[in-house]
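Structure data follow from structure-v8.cif (mmCIF, C-alpha atoms and all ligand atoms):
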data_final
loop_
_atom_site.label_atom_id
_atom_site.label_comp_id
_atom_site.auth_asym_id
_atom_site.auth_seq_id
_atom_site.Cartn_x
_atom_site.Cartn_y
_atom_site.Cartn_z
CA MET E 1 -48.95 35.18 44.79
CA PRO E 2 -49.18 38.91 45.41
CA ASN E 3 -51.55 40.98 43.34
CA THR E 4 -49.40 41.67 40.28
CA GLN E 5 -49.28 40.73 36.62
CA VAL E 6 -45.60 41.49 36.19
CA ILE E 7 -43.26 38.52 36.56
CA HIS E 8 -41.01 39.91 39.27
CA ARG E 9 -37.65 38.48 40.31
CA HIS E 10 -39.25 36.98 43.40
CA LEU E 11 -42.69 35.55 42.84
CA HIS E 12 -43.78 35.48 46.47
CA HIS E 13 -43.42 39.08 47.40
CA LEU E 14 -44.06 42.37 45.71
CA PRO E 15 -41.28 44.97 45.87
CA PRO E 16 -42.19 48.58 46.76
CA THR E 17 -43.40 50.71 43.85
CA ALA E 18 -40.78 53.32 42.92
CA VAL E 19 -42.43 56.56 41.83
CA ALA E 20 -39.69 59.20 41.85
CA GLY E 21 -35.95 59.64 41.97
CA GLN E 22 -33.76 62.63 42.69
CA GLY E 23 -30.01 62.67 43.26
CA MET E 24 -29.14 59.75 45.51
CA TRP E 25 -32.73 59.10 46.62
CA ILE E 26 -35.64 57.00 45.35
CA THR E 27 -39.19 57.52 46.70
CA ASP E 28 -41.87 54.83 46.73
CA SER E 29 -45.66 55.09 46.41
CA GLU E 30 -46.02 55.17 50.23
CA GLY E 31 -43.76 58.22 50.38
CA ARG E 32 -40.83 56.28 51.88
CA ARG E 33 -37.37 57.42 50.76
CA TYR E 34 -34.42 55.12 50.04
CA LEU E 35 -30.77 56.19 49.93
CA ASP E 36 -29.39 54.57 46.77
CA ALA E 37 -25.95 53.48 47.99
CA SER E 38 -25.51 50.87 45.27
CA GLY E 39 -26.75 52.79 42.21
CA GLY E 40 -29.22 49.91 41.81
CA ALA E 41 -26.67 47.38 40.60
CA ALA E 42 -23.79 49.86 40.11
CA VAL E 43 -25.72 51.64 37.35
CA SER E 44 -26.80 55.12 38.44
CA CYS E 45 -23.44 56.90 38.30
CA LEU E 46 -25.07 60.35 38.10
CA GLY E 47 -27.86 59.51 40.53
CA HIS E 48 -31.48 60.07 39.55
CA GLY E 49 -33.19 62.94 37.73
CA HIS E 50 -30.06 64.59 36.32
CA PRO E 51 -31.41 67.59 34.35
CA ASP E 52 -28.73 67.59 31.64
CA VAL E 53 -29.31 63.95 30.74
CA ILE E 54 -33.08 64.37 30.71
CA ALA E 55 -32.79 67.46 28.49
CA ALA E 56 -30.56 65.59 26.03
CA MET E 57 -33.07 62.73 25.86
CA HIS E 58 -35.97 65.14 25.30
CA ALA E 59 -34.07 66.88 22.50
CA GLN E 60 -33.33 63.57 20.80
CA ILE E 61 -36.92 62.33 21.10
CA ASP E 62 -38.15 65.58 19.58
CA LYS E 63 -35.81 65.08 16.61
CA LEU E 64 -35.91 61.31 16.12
CA ALA E 65 -36.84 58.59 18.60
CA TYR E 66 -35.87 55.56 16.54
CA ALA E 67 -34.32 54.55 13.23
CA HIS E 68 -33.43 50.92 12.50
CA THR E 69 -29.68 50.44 11.97
CA GLY E 70 -30.40 48.15 9.04
CA PHE E 71 -31.38 51.37 7.23
CA PHE E 72 -29.62 54.31 8.90
CA THR E 73 -26.88 55.51 11.17
CA THR E 74 -27.48 58.60 13.34
CA ASP E 75 -25.33 61.57 14.31
CA VAL E 76 -25.82 60.82 17.98
CA ALA E 77 -24.52 57.22 17.67
CA GLU E 78 -21.55 58.43 15.60
CA GLU E 79 -20.73 61.18 18.10
CA LEU E 80 -20.91 58.79 21.05
CA ALA E 81 -18.72 56.23 19.25
CA ALA E 82 -16.14 58.90 18.37
CA ARG E 83 -16.04 60.01 21.99
CA LEU E 84 -15.63 56.46 23.28
CA VAL E 85 -12.88 55.68 20.77
CA ALA E 86 -11.01 58.87 21.68
CA THR E 87 -10.94 57.89 25.36
CA ALA E 88 -10.53 54.12 24.91
CA PRO E 89 -7.47 51.91 25.41
CA ALA E 90 -4.86 52.16 22.62
CA GLY E 91 -5.82 50.45 19.38
CA THR E 92 -9.60 50.74 19.82
CA SER E 93 -11.14 51.93 16.60
CA HIS E 94 -14.86 51.11 16.61
CA VAL E 95 -17.85 50.67 18.90
CA TYR E 96 -20.88 48.36 18.67
CA PHE E 97 -23.95 49.62 20.57
CA VAL E 98 -26.46 47.26 22.17
CA SER E 99 -29.06 47.53 24.93
CA GLY E 100 -27.23 46.24 28.02
CA GLY E 101 -24.43 44.24 29.56
CA SER E 102 -25.46 40.70 28.62
CA GLU E 103 -26.11 41.73 25.02
CA ALA E 104 -22.70 43.39 24.91
CA VAL E 105 -20.99 40.25 26.22
CA GLU E 106 -22.86 38.12 23.67
CA ALA E 107 -21.78 40.46 20.88
CA ALA E 108 -18.15 40.35 22.06
CA LEU E 109 -18.15 36.53 22.14
CA LYS E 110 -19.56 36.36 18.62
CA MET E 111 -17.26 39.07 17.30
CA ALA E 112 -14.27 37.16 18.69
CA ARG E 113 -15.46 33.94 17.04
CA GLN E 114 -16.09 35.68 13.71
CA TYR E 115 -12.62 37.28 13.86
CA PHE E 116 -11.04 33.83 13.80
CA LEU E 117 -13.40 32.60 11.07
CA GLU E 118 -12.36 35.54 8.90
CA LYS E 119 -8.71 34.73 9.64
CA GLY E 120 -9.16 31.12 8.54
CA GLU E 121 -9.00 29.59 12.03
CA PRO E 122 -12.44 27.96 12.31
CA GLN E 123 -11.12 25.35 14.77
CA ARG E 124 -11.09 28.03 17.50
CA THR E 125 -14.34 27.31 19.30
CA HIS E 126 -13.58 27.47 23.02
CA PHE E 127 -13.77 30.20 25.66
CA ILE E 128 -11.87 30.29 28.94
CA ALA E 129 -13.20 32.42 31.79
CA ARG E 130 -13.07 32.45 35.60
CA ARG E 131 -14.92 30.90 38.50
CA GLN E 132 -16.80 33.30 40.76
CA SER E 133 -17.49 35.71 37.89
CA TYR E 134 -20.59 37.19 36.29
CA HIS E 135 -21.01 38.13 32.64
CA GLY E 136 -24.79 38.24 32.26
CA ASN E 137 -27.80 35.97 32.10
CA THR E 138 -28.21 35.26 28.38
CA LEU E 139 -26.97 31.82 27.37
CA GLY E 140 -23.55 32.75 25.97
CA ALA E 141 -22.79 35.14 28.80
CA LEU E 142 -24.03 32.60 31.34
CA ALA E 143 -21.76 29.95 29.77
CA VAL E 144 -18.63 32.00 30.32
CA GLY E 145 -19.85 33.24 33.71
CA GLY E 146 -18.71 31.44 36.81
CA ASN E 147 -21.63 31.98 39.18
CA ALA E 148 -22.47 28.39 40.11
CA TRP E 149 -25.98 29.19 41.37
CA ARG E 150 -27.02 31.09 38.24
CA ARG E 151 -25.53 28.47 35.91
CA GLU E 152 -26.84 25.36 37.59
CA PRO E 153 -30.41 25.09 36.16
CA PHE E 154 -29.20 25.84 32.63
CA ALA E 155 -25.87 23.96 32.65
CA PRO E 156 -27.06 21.24 30.21
CA ILE E 157 -27.89 23.83 27.55
CA LEU E 158 -24.78 26.02 27.86
CA ILE E 159 -21.85 26.00 25.44
CA ASP E 160 -18.79 24.37 26.89
CA ALA E 161 -16.34 26.78 28.55
CA THR E 162 -13.37 26.25 30.84
CA HIS E 163 -13.16 28.11 34.14
CA VAL E 164 -9.92 28.99 35.89
CA SER E 165 -9.33 30.63 39.28
CA PRO E 166 -10.42 34.21 39.87
CA CYS E 167 -7.91 36.71 41.24
CA TYR E 168 -9.19 36.73 44.80
CA PRO E 169 -6.31 37.58 47.14
CA TYR E 170 -8.36 37.58 50.38
CA ARG E 171 -9.17 33.90 49.96
CA GLU E 172 -6.71 32.44 47.49
CA GLN E 173 -3.35 34.17 47.77
CA ARG E 174 -1.12 31.73 49.66
CA GLU E 175 0.79 32.55 52.80
CA GLY E 176 4.28 33.80 51.96
CA GLU E 177 3.29 34.43 48.31
CA THR E 178 3.84 38.01 47.07
CA PRO E 179 1.06 39.63 45.02
CA GLN E 180 3.32 39.33 41.95
CA GLN E 181 3.90 35.62 42.56
CA TYR E 182 0.18 35.10 43.08
CA GLY E 183 -0.67 36.93 39.82
CA GLN E 184 1.94 34.90 37.94
CA ARG E 185 0.59 31.64 39.43
CA LEU E 186 -2.87 32.53 38.08
CA ALA E 187 -1.46 33.40 34.65
CA ASN E 188 0.35 30.04 34.64
CA GLU E 189 -2.96 28.34 35.47
CA LEU E 190 -4.54 30.10 32.47
CA GLU E 191 -1.68 29.01 30.23
CA ALA E 192 -2.03 25.40 31.42
CA ALA E 193 -5.78 25.58 30.65
CA ILE E 194 -5.07 26.88 27.13
CA GLU E 195 -2.64 24.04 26.55
CA ARG E 196 -5.11 21.49 27.91
CA VAL E 197 -7.88 22.69 25.59
CA GLY E 198 -5.42 22.96 22.69
CA ARG E 199 -3.44 26.12 21.97
CA ASP E 200 -5.11 26.63 18.56
CA LYS E 201 -8.62 25.91 19.87
CA VAL E 202 -9.17 28.85 22.21
CA ILE E 203 -11.00 31.97 21.02
CA ALA E 204 -10.64 34.19 24.05
CA PHE E 205 -10.10 34.56 27.77
CA VAL E 206 -12.97 36.51 29.32
CA ALA E 207 -12.62 38.31 32.66
CA GLU E 208 -14.03 41.20 34.64
CA THR E 209 -11.18 43.64 35.27
CA VAL E 210 -12.51 44.11 38.80
CA GLY E 211 -14.79 41.21 39.74
CA GLY E 212 -18.20 42.65 40.59
CA ALA E 213 -21.50 41.19 41.64
CA THR E 214 -20.59 37.53 42.08
CA ALA E 215 -17.17 38.00 43.59
CA GLY E 216 -17.75 41.20 45.55
CA VAL E 217 -15.35 43.75 44.08
CA ILE E 218 -12.21 41.67 43.85
CA THR E 219 -9.43 43.92 42.63
CA PRO E 220 -6.62 42.30 40.64
CA VAL E 221 -3.17 42.09 42.22
CA PRO E 222 -0.52 44.24 40.50
CA GLY E 223 0.89 42.53 37.43
CA TYR E 224 -1.89 39.91 37.13
CA PHE E 225 -3.43 41.34 33.96
CA LYS E 226 -0.01 42.07 32.38
CA ALA E 227 0.87 38.40 32.89
CA VAL E 228 -2.54 37.35 31.51
CA ARG E 229 -2.07 39.59 28.46
CA GLU E 230 1.31 37.96 27.78
CA VAL E 231 -0.17 34.46 27.99
CA CYS E 232 -2.99 35.41 25.60
CA ASP E 233 -0.55 36.98 23.13
CA ARG E 234 1.73 33.94 23.24
CA HIS E 235 -1.14 31.71 22.13
CA GLY E 236 -2.97 34.10 19.81
CA VAL E 237 -5.92 34.10 22.21
CA LEU E 238 -8.06 37.25 22.44
CA LEU E 239 -8.55 39.03 25.75
CA ILE E 240 -12.13 40.18 26.39
CA LEU E 241 -12.47 42.41 29.45
CA ASP E 242 -15.95 42.79 30.87
CA GLU E 243 -16.23 46.21 32.49
CA VAL E 244 -20.02 46.27 32.51
CA MET E 245 -19.98 46.92 36.26
CA CYS E 246 -16.49 48.22 37.04
CA GLY E 247 -16.06 50.45 33.98
CA MET E 248 -17.05 53.93 32.84
CA GLY E 249 -15.44 55.73 35.77
CA ARG E 250 -16.59 53.59 38.69
CA THR E 251 -13.04 52.76 39.84
CA GLY E 252 -11.69 56.30 39.34
CA THR E 253 -10.44 55.98 35.75
CA LEU E 254 -12.77 55.79 32.77
CA HIS E 255 -11.81 52.17 32.18
CA ALA E 256 -10.60 49.96 35.02
CA CYS E 257 -7.99 48.34 32.74
CA GLU E 258 -6.13 51.66 32.51
CA GLN E 259 -4.94 50.97 36.06
CA GLU E 260 -3.60 47.58 34.95
CA GLY E 261 -1.54 49.07 32.10
CA ILE E 262 -3.01 46.81 29.43
CA ALA E 263 -5.47 47.04 26.54
CA PRO E 264 -7.92 44.21 25.85
CA ASP E 265 -8.89 43.15 22.32
CA LEU E 266 -12.55 43.71 23.13
CA LEU E 267 -13.76 45.87 26.00
CA VAL E 268 -17.36 45.48 27.15
CA VAL E 269 -19.15 48.33 28.94
CA ALA E 270 -22.76 49.03 29.92
CA LYS E 271 -24.31 50.15 33.24
CA GLY E 272 -22.39 53.42 33.86
CA LEU E 273 -22.32 54.19 30.13
CA GLY E 274 -25.90 55.42 30.23
CA GLY E 275 -26.18 55.67 34.01
CA GLY E 276 -29.58 53.93 33.92
CA TYR E 277 -31.27 56.75 32.00
CA GLN E 278 -31.64 54.38 29.06
CA PRO E 279 -30.69 50.73 28.49
CA ILE E 280 -27.35 50.76 26.64
CA GLY E 281 -24.20 48.70 26.42
CA ALA E 282 -21.26 48.67 24.04
CA VAL E 283 -18.36 46.63 22.73
CA LEU E 284 -15.18 48.63 22.06
CA ALA E 285 -13.20 46.76 19.42
CA GLN E 286 -9.58 46.87 18.34
CA GLN E 287 -8.86 47.91 14.76
CA ARG E 288 -7.50 44.50 13.67
CA ILE E 289 -10.76 42.78 14.65
CA VAL E 290 -12.91 45.22 12.70
CA ASP E 291 -10.43 45.08 9.79
CA ALA E 292 -10.67 41.26 9.65
CA MET E 293 -14.48 41.45 9.38
CA THR E 294 -14.34 44.33 6.90
CA ARG E 295 -11.87 42.55 4.62
CA GLY E 296 -13.62 39.21 5.06
CA SER E 297 -17.39 38.93 4.89
CA GLY E 298 -17.86 42.70 5.23
CA PHE E 299 -20.61 42.04 7.71
CA PHE E 300 -20.80 41.36 11.45
CA GLN E 301 -23.15 38.41 11.58
CA HIS E 302 -25.14 39.57 14.55
CA GLY E 303 -27.69 42.30 15.33
CA HIS E 304 -30.71 43.34 17.37
CA THR E 305 -33.66 45.60 16.67
CA TYR E 306 -32.49 48.29 19.09
CA LEU E 307 -28.80 48.53 18.14
CA GLY E 308 -27.53 52.08 18.53
CA HIS E 309 -30.91 53.35 19.74
CA PRO E 310 -30.80 57.15 19.27
CA VAL E 311 -32.37 58.04 22.63
CA ALA E 312 -30.10 55.59 24.46
CA CYS E 313 -27.08 57.06 22.66
CA ALA E 314 -28.24 60.60 23.51
CA ALA E 315 -28.55 59.67 27.19
CA ALA E 316 -25.11 58.02 27.26
CA LEU E 317 -23.52 60.93 25.43
CA ALA E 318 -24.98 63.36 27.95
CA VAL E 319 -23.85 61.20 30.90
CA GLN E 320 -20.31 61.05 29.54
CA LYS E 321 -20.24 64.80 28.85
CA VAL E 322 -21.36 65.55 32.43
CA ILE E 323 -18.63 63.25 33.80
CA GLU E 324 -16.02 65.17 31.83
CA ARG E 325 -17.43 68.68 32.41
CA ASP E 326 -17.84 68.22 36.16
CA GLY E 327 -14.49 66.49 36.70
CA LEU E 328 -16.26 63.44 38.12
CA LEU E 329 -13.41 60.95 37.63
CA ALA E 330 -11.28 63.00 40.03
CA ARG E 331 -14.28 63.21 42.34
CA VAL E 332 -14.66 59.41 42.31
CA ARG E 333 -11.02 59.10 43.40
CA GLU E 334 -11.32 61.78 46.08
CA LEU E 335 -14.67 60.66 47.45
CA GLY E 336 -13.58 57.02 47.13
CA ALA E 337 -10.63 57.59 49.47
CA LYS E 338 -12.97 59.16 52.04
CA PHE E 339 -15.51 56.38 51.59
CA GLU E 340 -12.78 53.77 52.14
CA ALA E 341 -11.75 55.46 55.39
CA MET E 342 -15.39 55.63 56.52
CA LEU E 343 -15.95 51.94 55.80
CA HIS E 344 -12.88 50.99 57.82
CA GLU E 345 -13.91 53.23 60.68
CA ALA E 346 -17.41 51.74 60.73
CA PHE E 347 -16.61 48.07 60.20
CA ASP E 348 -13.00 47.21 61.13
CA SER E 349 -14.04 46.29 64.65
CA ARG E 350 -17.04 44.18 63.59
CA VAL E 351 -16.40 40.49 64.20
CA HIS E 352 -18.31 39.33 61.12
CA VAL E 353 -16.57 41.62 58.64
CA GLY E 354 -13.79 39.62 57.01
CA ASP E 355 -12.65 41.99 54.30
CA ILE E 356 -13.27 45.52 53.04
CA ARG E 357 -12.05 46.02 49.49
CA GLY E 358 -12.55 48.14 46.42
CA ARG E 359 -11.43 51.01 44.25
CA GLY E 360 -12.90 54.43 43.54
CA LEU E 361 -16.60 54.28 44.39
CA PHE E 362 -16.82 50.50 44.00
CA TRP E 363 -16.60 48.69 47.36
CA ALA E 364 -17.59 45.45 49.03
CA VAL E 365 -17.69 44.23 52.57
CA GLU E 366 -17.28 40.45 52.84
CA LEU E 367 -19.08 38.83 55.75
CA VAL E 368 -17.65 35.80 57.54
CA GLU E 369 -18.85 33.68 60.42
CA ASP E 370 -15.32 33.44 61.76
CA ARG E 371 -12.75 36.09 61.06
CA ALA E 372 -9.62 34.12 61.93
CA SER E 373 -10.37 31.15 59.69
CA LYS E 374 -12.36 33.28 57.14
CA ARG E 375 -15.13 30.67 57.37
CA PRO E 376 -18.17 31.98 55.48
CA PHE E 377 -21.71 31.75 56.83
CA ASP E 378 -23.68 28.71 55.72
CA PRO E 379 -25.19 29.75 52.33
CA ALA E 380 -28.46 28.08 53.37
CA ARG E 381 -28.95 30.90 55.88
CA LYS E 382 -29.33 33.34 52.95
CA LEU E 383 -27.71 36.08 54.95
CA HIS E 384 -27.46 38.33 51.90
CA ALA E 385 -31.24 38.31 51.44
CA LYS E 386 -31.71 39.27 55.09
CA VAL E 387 -29.19 42.10 54.81
CA LYS E 388 -30.99 43.43 51.75
CA SER E 389 -34.48 43.38 53.23
CA ARG E 390 -33.29 44.81 56.55
CA ALA E 391 -31.47 47.63 54.73
CA MET E 392 -34.57 48.38 52.62
CA ALA E 393 -36.67 48.48 55.80
CA GLU E 394 -34.22 51.12 57.05
CA GLY E 395 -34.49 53.08 53.78
CA LEU E 396 -31.12 52.03 52.37
CA MET E 397 -30.28 50.36 49.05
CA VAL E 398 -27.18 48.13 49.11
CA TYR E 399 -26.40 45.17 46.82
CA PRO E 400 -25.68 42.00 48.80
CA MET E 401 -24.77 38.67 47.19
CA GLY E 402 -24.86 35.17 48.58
CA GLY E 403 -21.98 32.80 49.21
CA THR E 404 -21.36 29.91 46.83
CA VAL E 405 -23.29 26.68 47.10
CA ASP E 406 -20.13 24.74 48.01
CA GLY E 407 -19.45 27.24 50.82
CA ARG E 408 -16.11 28.18 49.27
CA TYR E 409 -16.74 31.91 49.05
CA GLY E 410 -18.81 34.03 51.43
CA ASP E 411 -21.60 36.59 51.39
CA HIS E 412 -20.71 40.17 50.63
CA VAL E 413 -22.42 43.54 50.40
CA LEU E 414 -21.61 45.67 47.38
CA LEU E 415 -21.67 49.47 47.57
CA ALA E 416 -21.54 51.68 44.50
CA PRO E 417 -22.77 55.19 45.29
CA PRO E 418 -23.26 57.70 42.47
CA PHE E 419 -20.28 59.88 41.55
CA VAL E 420 -22.37 62.90 42.55
CA ALA E 421 -23.02 61.65 46.11
CA GLY E 422 -22.64 64.28 48.78
CA GLU E 423 -20.27 63.56 51.65
CA THR E 424 -23.09 63.58 54.20
CA GLU E 425 -25.07 61.10 52.17
N1 LIG S 1 -21.22 41.69 33.07
C1 LIG S 1 -21.04 42.13 34.32
C2 LIG S 1 -19.66 42.25 34.87
C3 LIG S 1 -22.14 42.49 35.10
O1 LIG S 1 -21.96 42.91 36.35
C4 LIG S 1 -23.44 42.39 34.53
C5 LIG S 1 -24.63 42.76 35.33
O2 LIG S 1 -24.59 42.87 36.52
C6 LIG S 1 -23.57 41.92 33.23
C7 LIG S 1 -22.44 41.59 32.51
C8 LIG S 1 -24.92 41.79 32.58
O3 LIG S 1 -25.44 43.05 32.33
P1 LIG S 1 -27.02 43.25 32.12
O4 LIG S 1 -27.65 42.92 33.42
O5 LIG S 1 -27.13 44.70 31.72
O6 LIG S 1 -27.44 42.35 31.02
#
In structure tokens, write the structure found in this file.
Amino acid sequence: MPNTQVIHRHLHHLPPTAVAGQGMWITDSEGRRYLDASGGAAVSCLGHGHPDVIAAMHAQIDKLAYAHTGFFTTDVAEELAARLVATAPAGTSHVYFVSGGSEAVEAALKMARQYFLEKGEPQRTHFIARRQSYHGNTLGALAVGGNAWRREPFAPILIDATHVSPCYPYREQREGETPQQYGQRLANELEAAIERVGRDKVIAFVAETVGGATAGVITPVPGYFKAVREVCDRHGVLLILDEVMCGMGRTGTLHACEQEGIAPDLLVVAKGLGGGYQPIGAVLAQQRIVDAMTRGSGFFQHGHTYLGHPVACAAALAVQKVIERDGLLARVRELGAKFEAMLHEAFDSRVHVGDIRGRGLFWAVELVEDRASKRPFDPARKLHAKVKSRAMAEGLMVYPMGGTVDGRYGDHVLLAPPFVAGETE
């Protein structure tokens, strides 16, 4: 056990001590510098030490650092909500602020359940989600998540959820099948799952618009989410899109679902919302869901101590203002196209690179033992862990993930540079 009193993620080794951050770089206590090519875990969209965000946080702390939402609202939370509603998918009317992605997913699951209670449909108790997905580590989020390794130790204490196939063209689109046919096949699979569970029993289908950490940036085929939306509507099932990782500009539009031409009933965002300057996440809710709770119990039966934290809201508001002022969504698209070309140039000829995929500044490189058969490396080799420590030794932060226990999906390395990255970096 290294000399530490913090319970770290790994109990046998102590990570370097980060002491400073500026732009795309983090410095440790030994003076070593690390190029942050993954924004931590796709968080730091404005890089580190952004003066405008820090100034906004200082100003808010000077005015008011904290006020419990059981007693007060604050101007900064209201302004941030108004801004998010104004730029949200059609029909969004309200925002619920929490402290991160898992909390936001939990809130969305409970809001969806309460919506049906208010509507007099208490028999709706079941969630459907996807394999090879990640929605957070708290128990509800873990239950809908489809990361087998993360779920395994806790499986006996998770609520029951059904998992259908992810949209993973590299591995699961069949030969001779068009992207449209593949997307429709997946929507049919969802519909069959709804019918199996019972069409009046399902609360919601939960999916990441672009699969992130577990799947390695799997982008949906055209038409997949439109077909999914139709299935949900046909059965009165809500659609919850988790854009904790892929949202808030990362794929080149503020919300990834804009590119799919659909609006979810509940949209979950976090990471890029506050860019890591403060812990914050949010649920963007459609009017009819808020109306049902308002007309019904008049109360959302949920809550945490740090809901709508003023300093977190001030940080997020500043991050979002900088993105708009500096035209950073266009920059993500422009830099993303260059980044894509660079990745292909660097890795197309590498025998162990099976796939390079992504959107905007959200990319993954999937590693395979054999390119022709797409056979992944044996997960027991823990290739991802070796890639991460080797990259850190070279002064580079990337976000690798392991293959699945059953060897069905492979290792990948996720890259999510800040929107303000320079081309040389
Ligand atoms: N949902 C998705 C898609 C994520 O990628 C993550 C984190 O990586 C979460 C939820 C959980 O967010 P947090 O770690 O902030 O609780």
* Asked: Leaving out Ala263 of chain E and any residue of its chain fewer than 3 positions from it, which residues lie within 8 Å of it when counting all atoms listed in the file, given as a ChimeraX atom specification?
  -> /E:89-91,257-258
* Using atom CA of Arg33 of chain E and atom CA of Arg390 of chain E as the two end points, give the distance in Å to one decimal. => 14.5 Å
Do you know which residues are at most 10 Å from Ile240 of chain E counting all atoms listed in the file, after dropping those on the same chain fewer than 5 positions away, and could you put them as an mmCIF file with C-alpha atoms, in the coordinates of the input?
data_model
loop_
_atom_site.group_PDB
_atom_site.id
_atom_site.type_symbol
_atom_site.label_atom_id
_atom_site.label_comp_id
_atom_site.auth_asym_id
_atom_site.auth_seq_id
_atom_site.Cartn_x
_atom_site.Cartn_y
_atom_site.Cartn_z
ATOM 1 C CA VAL E 105 -20.990 40.250 26.220
ATOM 2 C CA ALA E 108 -18.150 40.350 22.060
ATOM 3 C CA LEU E 109 -18.150 36.530 22.140
ATOM 4 C CA ALA E 112 -14.270 37.160 18.690
ATOM 5 C CA ALA E 129 -13.200 32.420 31.790
ATOM 6 C CA ILE E 203 -11.000 31.970 21.020
ATOM 7 C CA ALA E 204 -10.640 34.190 24.050
ATOM 8 C CA PHE E 205 -10.100 34.560 27.770
ATOM 9 C CA VAL E 206 -12.970 36.510 29.320
ATOM 10 C CA ALA E 207 -12.620 38.310 32.660
ATOM 11 C CA GLU E 208 -14.030 41.200 34.640
ATOM 12 C CA THR E 209 -11.180 43.640 35.270
ATOM 13 C CA ALA E 263 -5.470 47.040 26.540
ATOM 14 C CA PRO E 264 -7.920 44.210 25.850
ATOM 15 C CA ASP E 265 -8.890 43.150 22.320
ATOM 16 C CA LEU E 266 -12.550 43.710 23.130
ATOM 17 C CA LEU E 267 -13.760 45.870 26.000
ATOM 18 C CA VAL E 268 -17.360 45.480 27.150
ATOM 19 C CA VAL E 283 -18.360 46.630 22.730
ATOM 20 C CA LEU E 284 -15.180 48.630 22.060
ATOM 21 C CA ALA E 285 -13.200 46.760 19.420
#
* Exercise: Val144 of chain E partners within 7 Å, all atoms listed in the file, chain neighbours under 5 positions left out, as a PyMOL selection string -> chain E and resi 127+129+135+161
For segment 308-409 of chain E versus segment 9-26 of chain E, which residues have an atom no more than 10 Å away, and what is each residue's nearest atom pair and distance in Å rounded to one decimal, using all atoms listed in the file, chain-then-number order, as a tab-separated table?
residue	atom	partner	partner_atom	distance
E:Met392	CA	E:Pro16	CA	9.6
E:Gly395	CA	E:Ile26	CA	9.4
E:Leu396	CA	E:Trp25	CA	9.3
E:Met397	CA	E:Ile26	CA	9.3
Mind giving me the axis-aligned box for segment 304-312 of chain E with 8 Å on every side, centre plus edges in Å to one decimal, as AutoDock Vina command-line options?
--center_x -30.6 --center_y 50.7 --center_z 20.6 --size_x 22.1 --size_y 30.7 --size_z 23.8
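For the set E:Ala77, E:Leu46, E:Ile159, E:Ala107, the residue with the smallest atom-to-atom gap to ligand LIG 1 (chain S) is E:Ala107, counting all atoms listed in the file.
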* Could you report the residues within 10 Å of ligand LIG 1 (chain S), using all atoms listed in the file, as number ranges by chain? => E: 40-43, 98-106, 133-138, 141-142, 145, 207-215, 241-247, 268-271, 276, 279-281
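For the residues E:Phe225, E:Trp149, E:Tyr115, E:Tyr170, ranking by smallest atom-to-atom distance to Arg131 of chain E using all atoms listed in the file places E:Trp149 first.
Computed from the coordinates, the atom CA of Trp363 of chain E to atom CA of Ala282 of chain E distance equals 23.8 Å.
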Could you give me, as a compact mmCIF listing (two decimals) with C-alpha atoms, keeping the file's coordinate frame, the residues within 7 Å of segment 411-421 of chain E, counting only C-alpha atoms and dropping anything in the same chain fewer than 4 positions from it?
# COMPACT_ATOMS: atom_id res chain seq x y z
CA MET E 24 -29.14 59.75 45.51
CA ASP E 36 -29.39 54.57 46.77
CA ALA E 37 -25.95 53.48 47.99
CA SER E 38 -25.51 50.87 45.27
CA GLY E 39 -26.75 52.79 42.21
CA ALA E 42 -23.79 49.86 40.11
CA SER E 44 -26.80 55.12 38.44
CA CYS E 45 -23.44 56.90 38.30
CA LEU E 46 -25.07 60.35 38.10
CA GLY E 47 -27.86 59.51 40.53
CA GLY E 216 -17.75 41.20 45.55
CA LEU E 328 -16.26 63.44 38.12
CA ARG E 331 -14.28 63.21 42.34
CA VAL E 332 -14.66 59.41 42.31
CA LEU E 361 -16.60 54.28 44.39
CA PHE E 362 -16.82 50.50 44.00
CA TRP E 363 -16.60 48.69 47.36
CA ALA E 364 -17.59 45.45 49.03
CA VAL E 365 -17.69 44.23 52.57
CA GLU E 366 -17.28 40.45 52.84
CA LEU E 367 -19.08 38.83 55.75
CA HIS E 384 -27.46 38.33 51.90
CA VAL E 398 -27.18 48.13 49.11
CA TYR E 399 -26.40 45.17 46.82
CA PRO E 400 -25.68 42.00 48.80
CA MET E 401 -24.77 38.67 47.19
CA GLY E 402 -24.86 35.17 48.58
CA GLY E 403 -21.98 32.80 49.21
CA GLU E 425 -25.07 61.10 52.17
* Dig up all the protein and nucleic acid residues within 7 Å of (-8.5, 23.6, 19.9) in the file frame, using all atoms listed in the file, and format them as a ChimeraX atom specification. => /E:123-125,197-202
* **Point-to-point distance in Å for atom CA of Gly354 of chain E and atom CA of Met342 of chain E** =>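 Answer for the atom CA of Met342 of chain E to atom CA of Gly354 of chain E separation: 16.1 Å.
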* So, counting all atoms listed in the file, which residue among E:Pro2, E:Gln301, E:Lys338, E:Gly410 is closest to Thr424 of chain E? ->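 The shortest atom-to-atom distance to Thr424 of chain E comes from E:Lys338.
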